[in-house]
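Shown here: final.cif, mmCIF, C-alpha atoms and all ligand atoms.
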```
data_final
#
loop_
_atom_site.label_atom_id
_atom_site.label_comp_id
_atom_site.auth_asym_id
_atom_site.auth_seq_id
_atom_site.Cartn_x
_atom_site.Cartn_y
_atom_site.Cartn_z
CA MET B 1 26.36 12.90 -1.75
CA PRO B 2 27.13 16.14 0.18
CA SER B 3 27.71 15.31 3.84
CA GLN B 4 24.78 17.46 5.09
CA LEU B 5 22.44 15.20 3.08
CA ARG B 6 23.74 12.29 5.15
CA SER B 7 23.08 13.96 8.50
CA PRO B 8 20.21 12.60 10.58
CA LEU B 9 17.17 14.86 10.76
CA LEU B 10 16.42 15.20 14.43
CA PRO B 11 13.10 15.82 16.22
CA GLY B 12 11.93 19.36 15.59
CA SER B 13 12.64 19.04 11.85
CA ALA B 14 9.76 19.41 9.41
CA ILE B 15 8.88 16.49 7.15
CA GLY B 16 6.97 17.04 3.90
CA VAL B 17 4.42 14.44 2.83
CA LEU B 18 3.09 14.41 -0.74
CA GLY B 19 -0.42 13.01 -0.60
CA SER B 20 -2.82 13.40 2.27
CA GLY B 21 -4.74 10.18 2.86
CA GLN B 22 -4.80 7.77 5.77
CA LEU B 23 -1.24 6.56 5.22
CA GLY B 24 0.02 10.12 5.60
CA ARG B 25 -2.23 10.55 8.63
CA MET B 26 -0.72 7.58 10.45
CA PHE B 27 2.76 8.67 9.37
CA ALA B 28 2.04 12.15 10.74
CA MET B 29 0.83 10.68 14.04
CA ALA B 30 4.07 8.70 14.41
CA ALA B 31 6.14 11.75 13.44
CA ARG B 32 4.35 14.20 15.72
CA ARG B 33 4.62 11.78 18.62
CA MET B 34 8.38 11.95 18.18
CA GLY B 35 8.40 15.76 18.05
CA TYR B 36 8.62 16.30 14.29
CA ARG B 37 6.60 18.81 12.35
CA VAL B 38 4.61 17.55 9.38
CA HIS B 39 3.61 19.49 6.27
CA THR B 40 1.34 17.83 3.72
CA LEU B 41 0.40 18.75 0.18
CA SER B 42 -2.41 17.44 -2.00
CA PRO B 43 -5.23 18.79 -4.18
CA ASP B 44 -7.77 18.21 -1.37
CA GLU B 45 -8.84 20.06 1.75
CA ASP B 46 -9.56 18.91 5.31
CA THR B 47 -7.74 15.70 4.54
CA PRO B 48 -6.92 12.71 6.77
CA THR B 49 -3.27 13.83 6.86
CA GLY B 50 -4.03 17.55 6.99
CA GLN B 51 -6.17 17.10 10.10
CA VAL B 52 -3.15 15.94 12.10
CA ALA B 53 -0.36 17.79 10.28
CA ASP B 54 1.13 21.14 11.30
CA LEU B 55 0.51 22.52 7.85
CA GLU B 56 -1.84 21.47 5.05
CA ILE B 57 -1.12 22.90 1.61
CA ASN B 58 -3.84 22.68 -0.99
CA SER B 59 -2.26 22.43 -4.45
CA CYS B 60 -2.28 20.21 -7.51
CA TYR B 61 0.85 18.13 -8.05
CA GLU B 62 1.48 19.82 -11.40
CA ASP B 63 2.07 23.29 -9.90
CA LEU B 64 5.83 22.90 -9.73
CA ASP B 65 6.42 26.33 -8.18
CA ARG B 66 4.15 25.39 -5.28
CA ILE B 67 5.92 22.04 -5.01
CA LYS B 68 9.32 23.76 -4.79
CA GLU B 69 8.02 26.20 -2.21
CA PHE B 70 6.61 23.28 -0.23
CA ALA B 71 9.90 21.34 -0.40
CA SER B 72 11.90 24.44 0.59
CA GLY B 73 9.96 24.58 3.86
CA VAL B 74 10.89 21.06 5.01
CA SER B 75 14.04 19.02 5.64
CA VAL B 76 12.96 15.96 3.67
CA VAL B 77 10.08 15.04 1.39
CA THR B 78 8.38 11.65 1.42
CA PHE B 79 5.06 10.49 0.02
CA GLU B 80 2.09 8.40 0.95
CA PHE B 81 0.67 8.14 -2.55
CA GLU B 82 2.68 6.71 -5.43
CA ASN B 83 0.82 8.40 -8.25
CA VAL B 84 2.68 11.64 -7.66
CA PRO B 85 4.00 12.63 -11.13
CA ALA B 86 7.73 12.14 -11.77
CA ALA B 87 8.09 15.87 -12.55
CA THR B 88 6.69 16.68 -9.09
CA ALA B 89 9.22 14.46 -7.36
CA ALA B 90 11.98 16.00 -9.50
CA ALA B 91 10.88 19.55 -8.63
CA ALA B 92 10.78 18.69 -4.93
CA ALA B 93 14.24 17.12 -5.18
CA GLU B 94 15.67 20.49 -6.27
CA CYS B 95 14.85 21.85 -2.83
CA ALA B 96 15.02 18.89 -0.40
CA PRO B 97 16.00 15.23 -0.39
CA VAL B 98 13.10 13.02 -1.60
CA ARG B 99 12.98 9.61 0.08
CA PRO B 100 12.34 7.12 -1.41
CA SER B 101 13.68 8.67 -4.62
CA GLY B 102 11.62 9.81 -7.59
CA GLN B 103 13.16 6.88 -9.48
CA VAL B 104 11.50 4.38 -7.11
CA LEU B 105 8.19 6.18 -7.65
CA HIS B 106 8.65 6.18 -11.40
CA THR B 107 9.22 2.42 -11.51
CA THR B 108 6.42 1.44 -9.15
CA GLN B 109 3.65 3.80 -10.25
CA HIS B 110 3.28 2.09 -13.61
CA ARG B 111 2.40 -1.61 -13.77
CA LEU B 112 4.25 -2.27 -16.97
CA ARG B 113 7.46 -0.57 -15.83
CA GLU B 114 7.20 -2.31 -12.46
CA LYS B 115 6.66 -5.76 -13.92
CA THR B 116 9.35 -5.25 -16.54
CA PHE B 117 11.79 -4.19 -13.81
CA LEU B 118 10.89 -7.27 -11.75
CA ALA B 119 11.16 -9.68 -14.67
CA GLN B 120 14.45 -8.19 -15.89
CA SER B 121 15.86 -8.41 -12.36
CA HIS B 122 14.86 -12.10 -12.25
CA PHE B 123 12.29 -11.73 -9.51
CA PRO B 124 9.34 -14.15 -9.75
CA VAL B 125 6.45 -12.18 -11.18
CA THR B 126 2.98 -13.09 -12.45
CA PRO B 127 3.28 -13.82 -16.21
CA PHE B 128 2.24 -10.70 -18.16
CA ARG B 129 2.18 -9.05 -21.57
CA ARG B 130 1.90 -5.43 -22.64
CA VAL B 131 -1.37 -4.63 -24.40
CA GLY B 132 -1.80 -1.52 -26.58
CA GLY B 133 -4.92 -2.51 -28.53
CA LEU B 134 -7.44 -5.23 -29.25
CA GLU B 135 -5.17 -7.23 -31.54
CA GLU B 136 -2.42 -7.29 -28.94
CA LEU B 137 -4.96 -8.33 -26.35
CA ALA B 138 -5.99 -11.35 -28.43
CA GLN B 139 -2.33 -12.24 -29.00
CA ALA B 140 -1.48 -11.86 -25.29
CA ALA B 141 -4.46 -13.98 -24.26
CA ASP B 142 -3.34 -16.63 -26.72
CA GLU B 143 0.11 -16.71 -25.11
CA LEU B 144 -0.97 -16.53 -21.45
CA GLY B 145 -4.25 -18.46 -21.66
CA LEU B 146 -7.62 -17.56 -20.16
CA PRO B 147 -8.87 -16.57 -17.68
CA ALA B 148 -6.61 -13.55 -17.43
CA ILE B 149 -6.82 -10.08 -15.92
CA LEU B 150 -6.51 -6.90 -17.96
CA LYS B 151 -5.16 -4.02 -15.87
CA THR B 152 -4.45 -0.41 -16.82
CA ALA B 153 -0.73 0.33 -16.84
CA ASP B 154 -1.14 3.41 -14.67
CA PHE B 155 -3.39 4.78 -11.93
CA GLY B 156 -4.71 1.41 -10.83
CA TYR B 157 -5.28 0.58 -7.18
CA ASP B 158 -7.71 -1.42 -5.07
CA GLY B 159 -8.82 -3.46 -8.08
CA LYS B 160 -9.75 -0.31 -10.05
CA GLY B 161 -8.99 -0.32 -13.79
CA GLN B 162 -9.18 -4.11 -13.96
CA PHE B 163 -11.25 -6.60 -15.92
CA ARG B 164 -11.22 -10.36 -15.55
CA ILE B 165 -11.51 -11.96 -19.00
CA ARG B 166 -12.97 -15.45 -19.12
CA ASN B 167 -13.37 -15.96 -22.87
CA PRO B 168 -12.43 -14.24 -26.16
CA GLU B 169 -15.96 -12.81 -26.54
CA GLU B 170 -15.09 -10.47 -23.65
CA PHE B 171 -11.99 -8.88 -25.27
CA SER B 172 -13.83 -5.88 -26.60
CA GLU B 173 -15.83 -5.29 -23.41
CA ALA B 174 -12.64 -5.57 -21.32
CA TRP B 175 -10.71 -3.16 -23.54
CA ASN B 176 -13.55 -0.61 -23.34
CA ALA B 177 -14.01 -1.15 -19.61
CA ILE B 178 -10.44 -0.14 -18.82
CA GLY B 179 -10.71 2.94 -21.03
CA ARG B 180 -8.88 1.72 -24.16
CA ARG B 181 -5.46 2.69 -22.81
CA GLU B 182 -2.09 1.06 -22.35
CA ALA B 183 -2.56 -2.03 -20.24
CA VAL B 184 -1.05 -5.22 -18.95
CA LEU B 185 -2.64 -8.62 -19.39
CA GLU B 186 -1.80 -10.91 -16.50
CA ALA B 187 -2.26 -14.66 -16.23
CA PHE B 188 -4.93 -15.45 -13.66
CA ILE B 189 -3.26 -17.12 -10.69
CA ASP B 190 -5.27 -19.75 -8.89
CA PHE B 191 -3.50 -18.97 -5.63
CA GLU B 192 -3.47 -20.71 -2.26
CA CYS B 193 -3.31 -17.35 -0.49
CA GLU B 194 -1.99 -13.81 -0.79
CA ILE B 195 0.76 -12.50 1.46
CA SER B 196 2.76 -9.32 1.76
CA VAL B 197 6.07 -8.35 3.24
CA ILE B 198 6.63 -4.73 4.19
CA GLY B 199 10.28 -3.83 4.36
CA ALA B 200 12.08 -0.73 5.54
CA ARG B 201 15.56 0.03 4.26
CA SER B 202 17.98 2.67 5.50
CA ILE B 203 20.14 4.80 3.26
CA ASP B 204 23.04 2.49 4.17
CA GLY B 205 21.16 -0.68 3.30
CA GLU B 206 20.05 -1.79 6.76
CA PHE B 207 16.79 -3.76 6.46
CA VAL B 208 13.91 -4.59 8.80
CA HIS B 209 10.62 -6.17 7.87
CA TYR B 210 7.04 -6.97 8.80
CA GLY B 211 5.83 -10.22 7.55
CA PRO B 212 4.72 -12.11 5.87
CA VAL B 213 1.17 -11.05 6.55
CA GLU B 214 -1.78 -12.94 5.03
CA ASN B 215 -4.22 -10.78 3.06
CA ARG B 216 -7.75 -11.50 1.95
CA HIS B 217 -9.39 -9.26 -0.63
CA ARG B 218 -13.00 -8.63 -1.47
CA ASN B 219 -13.88 -7.03 -4.82
CA GLY B 220 -10.19 -6.30 -5.36
CA ILE B 221 -9.92 -4.31 -2.10
CA LEU B 222 -8.01 -5.52 0.93
CA ASP B 223 -10.55 -6.80 3.45
CA ILE B 224 -8.60 -8.65 6.14
CA SER B 225 -4.94 -8.99 7.12
CA VAL B 226 -3.70 -11.60 9.57
CA ALA B 227 -0.24 -11.29 11.10
CA PRO B 228 1.82 -13.33 11.15
CA ALA B 229 0.67 -15.26 8.07
CA CYS B 230 0.17 -18.98 8.53
CA VAL B 231 2.47 -20.20 5.72
CA PRO B 232 5.26 -22.82 5.76
CA GLU B 233 8.52 -21.53 7.17
CA ASN B 234 10.39 -21.88 3.89
CA VAL B 235 7.72 -19.81 2.09
CA ALA B 236 7.91 -17.12 4.78
CA ARG B 237 11.72 -17.05 4.58
CA GLU B 238 11.72 -16.85 0.79
CA ALA B 239 9.15 -14.03 0.78
CA VAL B 240 11.28 -11.98 3.15
CA GLU B 241 14.44 -12.70 1.11
CA ILE B 242 12.72 -11.58 -2.08
CA ALA B 243 11.37 -8.43 -0.44
CA HIS B 244 14.83 -7.63 0.91
CA ALA B 245 16.35 -8.09 -2.54
CA VAL B 246 13.68 -5.89 -4.16
CA LEU B 247 14.34 -3.04 -1.71
CA ASP B 248 18.08 -3.41 -2.31
CA LYS B 249 17.72 -3.48 -6.07
CA LEU B 250 15.57 -0.34 -6.03
CA GLU B 251 17.89 1.25 -3.44
CA VAL B 252 14.87 2.27 -1.40
CA THR B 253 15.38 4.68 1.48
CA GLY B 254 12.07 4.23 3.22
CA VAL B 255 9.32 1.64 3.27
CA LEU B 256 8.11 -0.58 0.45
CA CYS B 257 5.53 -3.36 0.41
CA VAL B 258 5.83 -6.44 -1.78
CA GLU B 259 2.54 -8.26 -2.41
CA PHE B 260 2.74 -11.90 -3.41
CA PHE B 261 0.50 -14.69 -4.61
CA VAL B 262 1.35 -18.05 -3.04
CA ALA B 263 0.55 -20.53 -5.82
CA ARG B 264 -0.93 -23.93 -5.00
CA ASP B 265 2.50 -25.53 -5.43
CA GLY B 266 4.04 -23.11 -2.90
CA ARG B 267 5.71 -20.92 -5.53
CA LEU B 268 5.78 -17.20 -4.81
CA LEU B 269 4.82 -14.70 -7.51
CA ILE B 270 5.03 -10.95 -6.98
CA ASN B 271 1.72 -9.25 -7.70
CA GLU B 272 2.75 -5.67 -7.05
CA LEU B 273 4.96 -3.22 -5.17
CA ALA B 274 3.91 -0.17 -3.16
CA PRO B 275 6.75 2.25 -2.28
CA ARG B 276 5.24 3.36 1.04
CA PRO B 277 3.57 1.99 4.16
CA HIS B 278 0.77 -0.37 3.20
CA ASN B 279 -2.73 -1.22 4.35
CA SER B 280 -1.54 -4.74 5.21
CA GLY B 281 0.86 -3.26 7.77
CA HIS B 282 -1.65 -1.22 9.75
CA PHE B 283 -1.66 -3.82 12.51
CA SER B 284 1.92 -2.77 13.31
CA PHE B 285 0.61 0.42 14.92
CA ASP B 286 -0.80 -1.71 17.75
CA ALA B 287 1.02 -5.03 17.59
CA ASN B 288 4.71 -4.17 17.01
CA VAL B 289 7.42 -2.46 18.98
CA THR B 290 7.85 -0.01 16.07
CA SER B 291 5.12 0.57 13.49
CA GLN B 292 5.67 0.70 9.73
CA PHE B 293 4.95 4.44 9.92
CA GLU B 294 7.60 5.15 12.54
CA GLN B 295 10.01 3.03 10.52
CA GLN B 296 9.32 5.21 7.45
CA LEU B 297 10.03 8.28 9.58
CA ARG B 298 13.26 6.78 10.89
CA ALA B 299 14.36 5.77 7.39
CA VAL B 300 13.73 9.14 5.76
CA CYS B 301 15.29 10.98 8.73
CA LEU B 302 18.38 8.71 8.61
CA LEU B 303 17.83 7.49 12.15
CA PRO B 304 18.42 3.93 13.42
CA PHE B 305 15.48 1.58 12.95
CA GLY B 306 13.41 0.53 15.94
CA SER B 307 12.69 -3.13 16.56
CA ALA B 308 10.07 -4.42 14.12
CA VAL B 309 9.22 -7.32 16.46
CA GLN B 310 5.52 -8.14 16.70
CA HIS B 311 4.62 -8.61 20.35
CA THR B 312 1.06 -9.92 19.83
CA PRO B 313 -0.72 -11.86 17.08
CA ALA B 314 -3.07 -9.52 15.26
CA ALA B 315 -5.82 -9.27 12.68
CA MET B 316 -6.96 -6.15 10.89
CA VAL B 317 -10.26 -5.62 9.09
CA ASN B 318 -10.92 -2.62 6.88
CA LEU B 319 -13.98 -0.45 7.40
CA LEU B 320 -15.32 0.63 4.02
CA GLY B 321 -17.86 3.35 3.35
CA ASP B 322 -20.52 0.67 2.69
CA LEU B 323 -20.79 0.30 6.46
CA TRP B 324 -22.34 3.76 6.61
CA SER B 325 -25.13 2.94 4.16
CA GLU B 326 -27.75 2.81 6.91
CA GLY B 327 -26.28 5.57 9.03
CA GLU B 328 -23.46 5.84 11.54
CA PRO B 329 -22.00 2.45 12.50
CA ASP B 330 -22.50 1.31 16.07
CA TRP B 331 -19.10 2.24 17.52
CA HIS B 332 -20.18 1.50 21.06
CA ALA B 333 -21.09 -2.10 20.24
CA ALA B 334 -17.86 -2.71 18.28
CA LEU B 335 -15.73 -1.34 21.08
CA SER B 336 -17.29 -3.79 23.52
CA VAL B 337 -14.85 -6.33 22.04
CA SER B 338 -12.12 -5.28 24.42
CA ASP B 339 -9.02 -6.37 22.50
CA VAL B 340 -10.04 -4.36 19.44
CA LYS B 341 -8.55 -0.98 18.54
CA LEU B 342 -10.52 1.43 16.38
CA HIS B 343 -8.80 3.60 13.77
CA LEU B 344 -10.81 6.14 11.79
CA TYR B 345 -9.33 8.39 9.14
CA GLY B 346 -11.44 11.52 9.55
CA LYS B 347 -13.11 11.30 6.14
CA SER B 348 -16.43 13.10 6.11
CA GLN B 349 -17.91 11.40 3.02
CA ALA B 350 -18.55 7.66 3.29
CA ARG B 351 -18.76 6.23 -0.23
CA PRO B 352 -19.05 2.53 -1.07
CA GLY B 353 -15.58 1.00 -1.36
CA ARG B 354 -13.88 4.00 0.29
CA LYS B 355 -11.48 3.13 3.10
CA MET B 356 -12.85 4.97 6.15
CA GLY B 357 -10.91 3.21 8.89
CA HIS B 358 -9.91 -0.17 10.26
CA LEU B 359 -10.11 -2.34 13.35
CA THR B 360 -7.13 -4.21 14.74
CA ALA B 361 -7.67 -7.06 17.18
CA LEU B 362 -4.83 -8.29 19.40
CA ALA B 363 -5.09 -11.78 20.90
CA PRO B 364 -2.98 -14.73 22.06
CA THR B 365 -3.48 -16.44 18.66
CA THR B 366 -4.11 -15.16 15.14
CA GLU B 367 -7.29 -17.29 14.98
CA GLN B 368 -8.65 -15.52 18.04
CA ALA B 369 -7.60 -12.11 16.73
CA LEU B 370 -9.33 -12.80 13.43
CA GLN B 371 -12.52 -13.89 15.16
CA ASP B 372 -12.53 -10.83 17.39
CA ALA B 373 -11.88 -8.39 14.56
CA GLN B 374 -14.65 -9.88 12.46
CA ARG B 375 -17.04 -9.98 15.41
CA ALA B 376 -16.37 -6.32 16.17
CA ARG B 377 -17.02 -5.41 12.53
CA GLU B 378 -20.26 -7.39 12.60
CA GLN B 379 -21.33 -5.43 15.68
CA LEU B 380 -20.84 -2.22 13.71
CA ARG B 381 -23.22 -3.50 11.07
CA ARG B 382 -25.91 -4.48 13.56
CA SER B 383 -26.72 -0.83 14.05
CA ALA B 384 -28.17 -0.90 10.55
CA ASP B 385 -30.85 -3.41 11.57
P1 LIG B 401 -4.19 -5.49 -7.63
O1 LIG B 401 -4.84 -4.13 -7.54
O2 LIG B 401 -3.51 -5.74 -8.93
O3 LIG B 401 -3.32 -5.82 -6.46
O4 LIG B 401 -5.39 -6.55 -7.57
C1 LIG B 401 -6.27 -6.60 -6.46
C2 LIG B 401 -6.59 -8.04 -6.12
O5 LIG B 401 -7.21 -8.71 -7.24
C3 LIG B 401 -5.38 -8.91 -5.78
O6 LIG B 401 -4.95 -8.72 -4.46
C4 LIG B 401 -5.96 -10.30 -6.02
O7 LIG B 401 -6.83 -10.69 -4.98
C5 LIG B 401 -6.78 -10.08 -7.29
N1 LIG B 401 -5.90 -10.30 -8.45
C6 LIG B 401 -5.20 -9.35 -9.11
N2 LIG B 401 -4.43 -9.89 -10.10
C7 LIG B 401 -4.66 -11.22 -10.08
C8 LIG B 401 -4.15 -12.33 -10.84
N3 LIG B 401 -3.28 -12.15 -11.84
N4 LIG B 401 -4.60 -13.56 -10.52
C9 LIG B 401 -5.50 -13.75 -9.51
N5 LIG B 401 -6.00 -12.75 -8.75
C10 LIG B 401 -5.60 -11.49 -9.02
#
```
For the structure just supplied, provide its representation as structure tokens.
Ligand code: AMP
Amino acid sequence: MPSQLRSPLLPGSAIGVLGSGQLGRMFAMAARRMGYRVHTLSPDEDTPTGQVADLEINSCYEDLDRIKEFASGVSVVTFEFENVPAATAAAAAECAPVRPSGQVLHTTQHRLREKTFLAQSHFPVTPFRRVGGLEELAQAADELGLPAILKTADFGYDGKGQFRIRNPEEFSEAWNAIGRREAVLEAFIDFECEISVIGARSIDGEFVHYGPVENRHRNGILDISVAPACVPENVAREAVEIAHAVLDKLEVTGVLCVEFFVARDGRLLINELAPRPHNSGHFSFDANVTSQFEQQLRAVCLLPFGSAVQHTPAAMVNLLGDLWSEGEPDWHAALSVSDVKLHLYGKSQARPGRKMGHLTALAPTTEQALQDAQRAREQLRRSAD
């Protein structure tokens, strides 16, 4: 690698972010606090990231000339959204370093590629089969057993593009429901809990981590994260070791989240990877010496990592658009829980299931933090009465 590509990018440099949602927004906040400039590109306008960036470019990801122009105006390109096409990452890489690399994106943006990579690298992964049609679905279900979950191979997130199959009569409905496209059938895991480990890796292989964090989902969408997770020490250690090995194997320069199922017998199975800061790490903004977002900045700018130590037990609850169904939530009431921090993403349209913001509670114990976060969220809802 040419030596200038190994030089740290110091404050004052411009960072390019592909994607413009809340992850980019919190990244931009961390970056601007440290004196960096942030440019963001996505097909949308007045975006969560754009509202706090120095420059918001409105373009589709397929306009490779615009992508090159965008990358030429910054010192490094990163992303907050893994469904950026491979050709986009490649075009950007002609003009600026892309961190993590387009190769990491390519592997992790497609369930089948991701799971195949994990299985071939001998990481523990939920049993799965590729499904290209109804016959293959029946065959896969025969091999894995039912219930099982059919998931689209690409563009799936927050439980979208998924169908839980309980019996063979549902094969056809499931195949239609996911749009009759390449898919993965996964064994249904009757898990004890779900955890995640967010790791950050430097270009030289230095590693820091957040986790494990315990995650509870509702309708396939993350609802609550509790940090640190209450799991046996050996499970916690193994989860961190696996996450470390995954980041090494993918040679990530940046942040990547590994989501796990903890099976009833204590076994860990990887559910999925996200090559960017993750919703389950939002607590780190308030509860850690260095947040996951600042760590991403430090990694892509080739700067030393800050301490990832968590100074206070924390719980985070997501605020979905459903909370707005009866009008504006009661912010005043929620903020009367004094150890709770409010984060809103600046989205003007509140749709059901859309992530609008989150609350993080900090307390002497995770139990207390969880109670406080949930109580504050309840207070928001009361306004609807
Ligand atoms: P995903 O978008 O694949 O992460 O799925 C969203 C959520 O659905 C997960 O966090 C789990 O709560 C649940 N889920 C997904 N796959 C499985 C599975 N194979 N077994 C049990 N629950 C699952």
Surrounding residues of range 198-209 of chain B excluding itself and chain neighbours under 5 positions, 9 Å, all atoms listed in the file, as a ChimeraX atom specification: /B:6,240,243-244,247-248,251-259,276-278,280-281,292,295-296,298-300,302-309
Computed interatomic separation between CA of Asp154 in chain B and CA of His110 in chain B (Å):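 Spanning CA of Asp154 in chain B to CA of His110 in chain B is a straight-line distance of 4.7 Å.
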Between CA of Asp339 in chain B and CA of Ala373 in chain B, distance in Å (one decimal):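 Interatomic distance, CA of Asp339 in chain B to CA of Ala373 in chain B: 8.7 Å.
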Nearest-residue call for Phe155 in chain B, choices B:Pro364, B:Glu169, B:Ile221, B:Glu82, using only C-alpha atoms: B:Glu82
Ligand LIG 401 (chain B) neighbours within 8 Å using all atoms listed in the file, as a ChimeraX atom specification: /B:126,148-149,151,156-160,162,186-191,194,215-222,259,261,271-272
Length of the CA of Gln310 in chain B to CA of Val38 in chain B vector [Å]: 26.7 Å
Selected residue, from B:Leu112, B:Ala86, B:Ile15, B:Ala314, that lies nearest to Gln371 in chain B when counting all atoms listed in the file: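 So, comparing all the options, the nearest one is B:Ala314.
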Could you work out an axis-aligned box for range 211-230 of chain B, taking every atom the file lists and adding 5 Å on each side, and report centre and edge lengths in Å to one decimal, as JSON?
```
{"center_x": -4.0, "center_y": -11.6, "center_z": 2.9, "size_x": 29.7, "size_y": 24.7, "size_z": 26.5}
```
Residue nearest Ala138 in chain B - candidates B:Pro124, B:Asn279, B:Phe117, B:Phe171, atoms counted: all atoms listed in the file: B:Phe171
Close residues, Asp372 in chain B itself excluded, 10 Å, only C-alpha atoms, min 6 positions apart in chain, as a list in words: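 What passes the distance filter is Ala314, Ala315, Met316, Ala334, Val337, Ser338, Asp339, Val340, Leu359, Thr360, Ala361, Leu362, Ala363, Thr366 and Glu378 of chain B.
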Residue with smallest distance to Arg264 in chain B - pool B:Leu250, B:Gln103, B:Val235, B:Ala229, counting all atoms listed in the file: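 Selected residue with least distance to Arg264 in chain B: B:Val235.
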Distance criterion (all atoms listed in the file): nearest to Ala28 in chain B out of B:Cys95, B:Phe293, B:Ala90, B:Asp46: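 The closest residue to Ala28 in chain B is B:Phe293.
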Please list as an mmCIF file with C-alpha atoms, keeping the file's coordinate frame every residue within 8 Å of His39 in chain B, counting all atoms listed in the file and excluding residues in the same chain fewer than 6 positions away.
```
data_model
loop_
_atom_site.group_PDB
_atom_site.id
_atom_site.type_symbol
_atom_site.label_atom_id
_atom_site.label_comp_id
_atom_site.auth_asym_id
_atom_site.auth_seq_id
_atom_site.Cartn_x
_atom_site.Cartn_y
_atom_site.Cartn_z
ATOM 1 C CA ALA B 14 9.760 19.410 9.410
ATOM 2 C CA ILE B 15 8.880 16.490 7.150
ATOM 3 C CA GLY B 16 6.970 17.040 3.900
ATOM 4 C CA VAL B 17 4.420 14.440 2.830
ATOM 5 C CA GLY B 50 -4.030 17.550 6.990
ATOM 6 C CA ALA B 53 -0.360 17.790 10.280
ATOM 7 C CA ASP B 54 1.130 21.140 11.300
ATOM 8 C CA LEU B 55 0.510 22.520 7.850
ATOM 9 C CA GLU B 56 -1.840 21.470 5.050
ATOM 10 C CA ILE B 57 -1.120 22.900 1.610
ATOM 11 C CA VAL B 74 10.890 21.060 5.010
#
```
Neighbour list for range 320-329 of chain B as a ChimeraX atom specification, cut-off 7 Å, all atoms listed in the file, skip fewer than 3 positions in-chain: /B:350-356,380-381,383-384
Which residue of B:Leu105, B:Leu268, B:Ala333, B:Ala227 approaches His311 in chain B most closely, using only C-alpha atoms: B:Ala227
Polymer residues at most 10 Å from Phe81 in chain B, all atoms listed in the file, same-chain spacing of 6 or more positions, as a list in words: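 So the residues in contact are Val17, Leu18, Gly19, Ser20, Gly21, Gln22, Leu23, Gly24, Ser42, Leu105, Gln109, Ala274, Pro275, Arg276 and Pro277 of chain B.
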